[in-house]
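Here is the structure we will look at.
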Amino acid sequence: MITAALFSTVQRSNLAGQVTPGLTRMSQPAASEAPRWGVSSLDWRSHAVDESAEHPGGGMSPAAGSGWSWAPPSLTRHPARCACPACARQPLTRHSVGFVVFDVERARRDTPGVRRVAHLNNAGAALPPVQVTEAVIAHLRREAECGGYEAAEAAGEQIEATYIAIAQLISCEVDEVAVVENATRAFDMACYAMAFAPGERILTSHAEYASNAIALLQIAGRTGALVEVVDDDEHGQISLTDLRHRLTRGGPVRLIALTHVPTQGGLVNPAEQVGALARQAGVPLLLDACQSVGQLPIDVQRIGADLLCATGRKYLRGPRGTGFLYVRRSLLDRLEPPFLDLHAATWTAPERYEIRPDARRFETWETNCASKIGLGVAIDYALSWGLEAIEARVTALAEELRTRLRGLDGVRVHDQGRRRCGIVTFTVDGVPAPEVRRRLASSGVNTSVSHASSARLDLPRRGLSELVRASVHYYNTDEELDQLVIALPRAAKSAG
Ligand SMILES: Cc1ncc(COP(=O)(O)O)c(C=O)c1O
């Protein structure tokens with residue numbers, strides 16, 4: 001069954017967005033169905049982090065048709081650079097990192113950008129695979145050749161395939177998805193659609209992103225709702241104890257807004273546990289999955305998210321200017337979008353209109369069709385690797401980078417959280433983060449800087465004003481990590 005699911009996805013992604021007959025049934029999972037991707041029915045992560053577990057065994061390996069198949073879970077964890085006979089037998093093109101054998105060569109062949117730069121700014125915008133770029137360009141050509149409206153009509157199935165891909169990615173229904181310009185617009189559409197009453201509370205966390213926080217503050221200012229920041233626990237992630245406390249005491253809580261992975265660090269907030277508390281309390285959970293989607297498996301049923309916002313350009317490797325909003329069906333008709341147009345609603349009589357019943361009420365009619373198609377192709381591409389395999393590869397690479405950075409004098413790694421992802425943040429003593437970034441860029445390594453202005457609830461109270469952020473993806477290599485590490489001491493010395 002796993003192989004069949006993967007095969008269908010691969011087939012579809014190879015067609016650069018053309019819908020494979022028979023895919024639709026599989027792509028619209030019923031809300032109650034278990035996740036269908038890769039090995040999610042197994043306790044994958046507990047194998048991946050269990051240092052004491054016995055080594056070695058099977059793992060993920062390429063299946064015919066270039067998907068991935070699961071070897072029996074007799075094996076456990078392989079270290080980052082494993083010298084065991086099983087790994088040594090792997091062809092050179094397959095890199096064994098952590099628990100997973102990942103065809104990095106294939107990923108890099110699909111990613112022309114890797115020939116020019118060591119791109120460790122995937123939390124900014126990842127390098128797209130060639131399949132995405134080609135799909136976008138093909139549609140732009142079609143528009144130029146036959147007209148924008150005519151091209152959209154001809155590409156109707158491809159555009160629809162994007163919704164199907166999103167539904168597959170996060171385990172929801174197609175009519176619960178709106179495709180919008182970015183994660184911020186998705187977050188805004190959800191929040192500004194809620195009618196908050198004075199005194200109603202919105203719970204957020206220290207991981208909250210600047211744009212979200214600004215929107216919540218504006219909403220509070222307009223409506224008299226109150227924004228409260230839930231404490232962190234000893235790992236720097238949202239405290240479930242404090243959340244439980246706030247949900248059971250004080251005035252009514254109207255919304256929990258949780259950032260899954262913050263822009264400024266590698267921690268992964270415990271979304272499933274937050275979702276369970278939200279459900280118990282009957283409070284909707286809005287999950288900002290902007291940094292987690294594409295690098296971690298996301299299942300809104302399992303998490304218990306009622307709303308989810310995400311972007312296309314980061315770990316999903318989609319085009320810029322794309323994002324999506326998920327709205328649980330039972331919430332849809334309680335959320336009135338702050339803006340409506342003739343796509344979101346129908347003008348039924350001179351003085352009347354009807355808002356459409358599905359999540360597309362949060363969209364506008366005019367849209368960038370080429371990018372929308374590209375987003376769907378990017379998601380299919382991610383699904384063809386499998387999100388569990390991607391997480392294992394990305395997480396192991398990031399942990400390897402943290403280990404190497406910790407070994408350098410004057411370099412401090414700042415990532416928190418019990419569970420961590422592909423974002424690595426650090427400072428170099430005596431060297432401002434923008435200068436570190438500039439030096440790395442001059443050595444051909446892309447990173448970025450997280451400033452306190454993006455993370456007011458987090459960085460200042462940790463005594464940090466800015467961080468260098470190196471965010472890895474599965475197509476990055478050990479050699480690229482070396483490139484960063486080799487460039488760093490020079491940056492520290494030259495500024496010292
Ligand atoms: C955690 C988080 N949420 C939201 C956003 C906003 O995403 P977008 O730029 O797609 O609106 C970002 C952007 O970096 C982010 O890191």
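Ordering of the structure tokens sets the chain letters (A, B, ...); residue numbers start at 1 within each chain; ligands are numbered from 1 in the order shown.
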
Using only C-alpha atoms and all ligand atoms, I'd like a table of the residues in chain A that come within 6 Å of ligand 1; for each, show the closest atom pair and its distance in Å rounded to one decimal, ordered by chain and ascending number, as JSON lines.
{"residue": "A:Asn182", "atom": "CA", "partner": "ligand 1", "partner_atom_place_in_ligand_line": "10 (O)", "distance": 3.9}
{"residue": "A:Ala183", "atom": "CA", "partner": "ligand 1", "partner_atom_place_in_ligand_line": "11 (O)", "distance": 3.9}
{"residue": "A:Thr184", "atom": "CA", "partner": "ligand 1", "partner_atom_place_in_ligand_line": "11 (O)", "distance": 3.6}
{"residue": "A:Tyr209", "atom": "CA", "partner": "ligand 1", "partner_atom_place_in_ligand_line": "3 (N)", "distance": 5.1}
{"residue": "A:Thr259", "atom": "CA", "partner": "ligand 1", "partner_atom_place_in_ligand_line": "1 (C)", "distance": 5.9}
{"residue": "A:Val261", "atom": "CA", "partner": "ligand 1", "partner_atom_place_in_ligand_line": "1 (C)", "distance": 5.9}
{"residue": "A:Pro262", "atom": "CA", "partner": "ligand 1", "partner_atom_place_in_ligand_line": "1 (C)", "distance": 4.5}
{"residue": "A:Thr263", "atom": "CA", "partner": "ligand 1", "partner_atom_place_in_ligand_line": "16 (O)", "distance": 3.7}
{"residue": "A:Asp288", "atom": "CA", "partner": "ligand 1", "partner_atom_place_in_ligand_line": "3 (N)", "distance": 5.8}
{"residue": "A:Cys290", "atom": "CA", "partner": "ligand 1", "partner_atom_place_in_ligand_line": "3 (N)", "distance": 4.9}
{"residue": "A:Gln291", "atom": "CA", "partner": "ligand 1", "partner_atom_place_in_ligand_line": "1 (C)", "distance": 5.4}
{"residue": "A:Thr311", "atom": "CA", "partner": "ligand 1", "partner_atom_place_in_ligand_line": "10 (O)", "distance": 4.6}

For the residues in the current selection, export C-alpha atoms as a PDB file, in the first residue's frame.
ATOM      1  CA  ASN A 182       2.023  33.615   1.623  1.00  0.00           C
ATOM      2  CA  ALA A 183       1.772  32.364   5.188  1.00  0.00           C
ATOM      3  CA  THR A 184       1.131  35.832   6.580  1.00  0.00           C
ATOM      4  CA  TYR A 209       6.533  35.421  14.336  1.00  0.00           C
ATOM      5  CA  THR A 259       4.117  28.638  15.739  1.00  0.00           C
ATOM      6  CA  VAL A 261       8.881  26.015  14.204  1.00  0.00           C
ATOM      7  CA  PRO A 262      10.027  29.567  14.939  1.00  0.00           C
ATOM      8  CA  THR A 263      11.872  31.648  12.371  1.00  0.00           C
ATOM      9  CA  ASP A 288       1.717  28.429  11.852  1.00  0.00           C
ATOM     10  CA  CYS A 290       5.408  28.164   7.743  1.00  0.00           C
ATOM     11  CA  GLN A 291       8.798  26.742   8.722  1.00  0.00           C
ATOM     12  CA  THR A 311       4.200  29.178   2.729  1.00  0.00           C
TER      13      THR A 311
END

- Message: I'd like to know which residues of stretch 203-406 of chain A are alpha helix (DSSP H) (by DSSP, run on the backbone); could you write them as a VMD selection string?
- Response: chain A and resid 210 to 223 240 to 248 271 to 281 300 to 303 329 to 332 369 to 385 387 to 406

- Message: Need the shell around A:Phe324: protein/DNA/RNA residues with any atom at most 10 Å away, counting only C-alpha atoms. Skip same-chain ones fewer than 2 positions apart. Format as a list in words?
- Response: Tyr163, Ile166, Val177, Ala178, Val179, Val180, Glu181, Asn182, Ala183, Thr184, Arg185, Ala186, Phe187, Cys290, Leu308, Cys309, Ala310, Thr311, Gly312, Thr322, Tyr326, Val327, Phe362, Glu363 and Leu375 of chain A

Residue subset to file, keeping C-alpha atoms, as a short mmCIF file (atom, residue, chain, number, x, y, z; two decimals), in the first residue's frame:
data_model
loop_
_atom_site.label_atom_id
_atom_site.label_comp_id
_atom_site.auth_asym_id
_atom_site.auth_seq_id
_atom_site.Cartn_x
_atom_site.Cartn_y
_atom_site.Cartn_z
CA TYR A 163 -5.37 21.63 -3.94
CA ILE A 166 -2.02 20.19 -0.32
CA VAL A 177 -7.82 24.48 1.43
CA ALA A 178 -7.33 28.04 0.17
CA VAL A 179 -4.27 28.91 -1.89
CA VAL A 180 -3.04 32.40 -1.05
CA GLU A 181 0.08 34.51 -1.50
CA ASN A 182 2.02 33.62 1.62
CA ALA A 183 1.77 32.36 5.19
CA THR A 184 1.13 35.83 6.58
CA ARG A 185 -1.92 36.38 4.40
CA ALA A 186 -3.19 32.93 5.39
CA PHE A 187 -2.72 33.71 9.09
CA CYS A 290 5.41 28.16 7.74
CA LEU A 308 -3.08 26.07 9.50
CA CYS A 309 -1.04 28.58 7.53
CA ALA A 310 1.97 27.76 5.40
CA THR A 311 4.20 29.18 2.73
CA GLY A 312 5.45 27.65 -0.52
CA THR A 322 2.64 31.16 -2.71
CA TYR A 326 -6.32 25.14 5.88
CA VAL A 327 -9.65 25.62 7.63
CA PHE A 362 -10.39 33.20 1.60
CA GLU A 363 -8.98 33.57 -1.91
CA LEU A 375 3.34 24.99 -5.68
#

- Task: Enter the distance from atom CA of A:Ile202 to atom CA of A:Ala305, in Å, rounded to one decimal.
- Result: 15.4 Å

- Message: DSSP on the backbone, strand (DSSP E) only: what residues of stretch 312-394 of chain A does that give? Format it as a count of residues only.
- Response: 14

- Excluding A:Leu258 and any residue of its chain fewer than 3 positions from it, enumerate the residues within 9 Å of it, using only C-alpha atoms, and give them as a list in words. Leu203, Thr204, Ser205, Ala207, Glu208, Ile238, Val261, Asn269, Ala271, Val274, Leu285, Leu286, Leu287, Asp288 and Ala289 of chain A

Restricting the output to C-alpha atoms, write the selected residues as a short mmCIF file (atom, residue, chain, number, x, y, z; two decimals), in the first residue's frame.
data_model
loop_
_atom_site.label_atom_id
_atom_site.label_comp_id
_atom_site.auth_asym_id
_atom_site.auth_seq_id
_atom_site.Cartn_x
_atom_site.Cartn_y
_atom_site.Cartn_z
CA LEU A 203 -3.04 32.52 23.63
CA THR A 204 0.24 32.65 21.77
CA SER A 205 3.81 31.55 22.52
CA ALA A 207 7.96 31.47 19.23
CA GLU A 208 5.45 33.82 17.60
CA ILE A 238 5.72 26.09 24.84
CA VAL A 261 8.88 26.01 14.20
CA ASN A 269 6.96 23.01 19.37
CA ALA A 271 1.96 20.71 18.32
CA VAL A 274 -1.06 21.53 22.26
CA LEU A 285 -5.86 25.85 17.29
CA LEU A 286 -4.23 27.91 14.55
CA LEU A 287 -0.90 26.35 13.62
CA ASP A 288 1.72 28.43 11.85
CA ALA A 289 3.45 25.70 9.86
#
